[in-house]
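Participant: One structure, as structure tokens, below. Some questions next.
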Amino acid sequence: MTEALVLDYVRTARGKGSSRGALHRVSPVELVVRLQRALAARTGLDPSRVQDVIIGSASQVDEQGADLARTATLLAGWGHGVPGATINRFCASGVDAVAQTAARIRAGDLSLAVAGGVESVSRVPMFSDRGPLWTDPETIRHVGSVHMGIAADLNATLDGLTREELDAYGVETQRKAARAWEEGVHARSVVPVELPDGSFFSQDELVRPDTRPEQLAALPPAFAGLGAEGQDAIALAAHPEAGEIRHLHTVGTSPALADGAALLLLGSAETAAALGLRPRARIIGSAAVATDPVIMLTAGQQAVEAVIARAGLTPGDIDVFEFAEAFAALCLKFRRDLGAGPDRMNPNGGTIALGHAFGATGAIMAGGCVEELERRGGRYGVAAVSGAAGLGVAVLIERMDA
């Protein structure tokens, strides 16, 4: 079987997912266009050789609608002959784009492709696609659809976690994220984005390096209001064993909304050699799983466990876990169940500190996993994301020089 190799990786910095964010002034299609051009420039790639462009995006409407991947590819000047597709697996869209593209390369259907993700939450807000899972009362009642924050508090309650434990994790990830920027961890991958005023945006703007435990302890629960409006009742109907839902997560222990984009250049060994590109890693395999849509957020961990087991490995074999911080409770569960300490799990901070750009997050994490394996000389890494409705996707990565 053909190997699926990571030849390069680029991303934007993540902007605040609001009208106050730096990237609010740049459309999502333009974010992808700029990364496509940067990827071609830094690799010397002839874009007409690319056989497909697969982009993940969670809200495919308005500026993110009408197959953004194909639109961006045309605007980037990559030629009329390069296809493009935009896929949606909610928050796991970006990592799923990488997983699906790598699988097609391993199967021999592709030899050179671009995979990634984009989300401009500030311009295309969450739930703006108004699907039945968000808006149809009968669908919500039948499925048991709840807000992710309610699912997070349900998981925290069932796992017996405390507010102090969650807050401690929130402080930890902020400090790791700040240290990573200070040490230049992201310097190779981040492509500066020129803003309309002529300035350049090149650093994740959601990181709060001065976060202190007492600050998080003073924050109110973020989802108690939603719970009182009826969402607790939906969750408890599915999981009466919880008794009641303890609302423990705050804005300091929840993923911050962000704008951003990321692209990975993937190809076969033969194509890499023909292009004169030195592969950085191989994508060994992937797993897509689903679980109870009310518990919801455990699917990412289940996908990690599945992809590791399929490869005949154990959690102890993994040097780097890039696990989307879909609320602190799920990170503490992941760390406990897989024995993944702070040095191996999100060593450079995660989405609580850096921001969650929905469709882009998984692609950022896959590329970041490659970078961290290179930085520490590790062999195996996993990138994984949990999504709405109980979906989860993980990819298993091996550094080329391991």
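In the structure tokens, the first chain shown is A, the next is B, and so on; residue numbers restart at 1 for each chain, and ligands run from 1 in the order shown.
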Quick one: residues within 10 Å of Val185 (chain A), only C-alpha atoms, excluding same-chain residues fewer than 2 positions away - as an MDAnalysis selection string?

Facilitator: chainID A and resid 177 179:183 187:190 348 368 371:372 375

Participant: As a PyMOL selection string, list the residues of region 130-305 of chain A assigned to helix (DSSP H, G or I) by DSSP on the backbone atoms of this structure.

Facilitator: chain A and resi 132-135+137-143+148-158+163-182+213-217+224-238+240-242+269-275+299-305

Participant: So that I can check the surroundings of region 130-141 of chain A, please list as a CSV table (one decimal) with N, CA and C atoms, in the first residue's frame every protein, DNA and RNA residue that reaches within 10 Å of it, counting only C-alpha atoms and ignoring chain neighbours fewer than 2 positions away.

Facilitator:
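Output file part_14.csv follows:
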chain,number,residue,atom,x,y,z
A,59,SER,N,-19.6,25.2,9.4
A,59,SER,CA,-20.8,26.0,9.1
A,59,SER,C,-20.8,26.4,7.6
A,61,VAL,N,-22.3,27.8,5.0
A,61,VAL,CA,-23.4,28.7,4.6
A,61,VAL,C,-22.8,30.1,4.4
A,126,MET,N,-21.5,30.3,14.7
A,126,MET,CA,-21.9,28.9,15.1
A,126,MET,C,-23.4,28.8,15.0
A,127,PHE,N,-23.9,27.7,14.4
A,127,PHE,CA,-25.3,27.4,14.2
A,127,PHE,C,-26.0,28.2,13.1
A,128,SER,N,-25.2,29.0,12.4
A,128,SER,CA,-25.8,29.8,11.4
A,128,SER,C,-26.3,29.0,10.2
A,143,VAL,N,-33.4,13.2,19.2
A,143,VAL,CA,-32.0,12.9,19.3
A,143,VAL,C,-31.4,13.1,20.8
A,144,GLY,N,-32.0,14.1,21.4
A,144,GLY,CA,-31.5,14.5,22.7
A,144,GLY,C,-30.4,15.5,22.5
A,145,SER,N,-30.5,16.4,21.5
A,145,SER,CA,-29.5,17.4,21.2
A,145,SER,C,-29.3,18.4,22.3
A,146,VAL,N,-28.1,18.6,22.8
A,146,VAL,CA,-27.9,19.6,23.8
A,146,VAL,C,-26.6,20.4,23.4
A,147,HIS,N,-26.5,21.6,24.0
A,147,HIS,CA,-25.3,22.4,23.8
A,147,HIS,C,-24.1,21.7,24.3
A,234,ILE,N,-33.1,17.7,29.3
A,234,ILE,CA,-32.9,16.8,28.1
A,234,ILE,C,-31.7,15.9,28.5
A,388,ALA,N,-19.8,17.7,17.4
A,388,ALA,CA,-21.3,17.6,17.8
A,388,ALA,C,-21.9,16.3,17.5
A,389,ALA,N,-23.0,16.0,18.1
A,389,ALA,CA,-23.8,14.8,17.8
A,389,ALA,C,-23.0,13.5,18.2

Participant: Do a neighbour search on Asp129 (chain A) at 12 Å with only C-alpha atoms, toss out local chain neighbours closer than 6 positions, and write the hits as a list in words.

Facilitator: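 Selected residues are Ser57, Ala58, Ser59, Gln60, Val61, Asp62, Glu63, Gln64, Gly65, Asn88, Phe90, Val121 and Thr135 of chain A.
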
Participant: Counting only C-alpha atoms, which residue out of A:Gly260, A:Pro47, A:Gly252, A:Pro240 sits closest to Val26 (chain A)?

Facilitator: A:Gly260
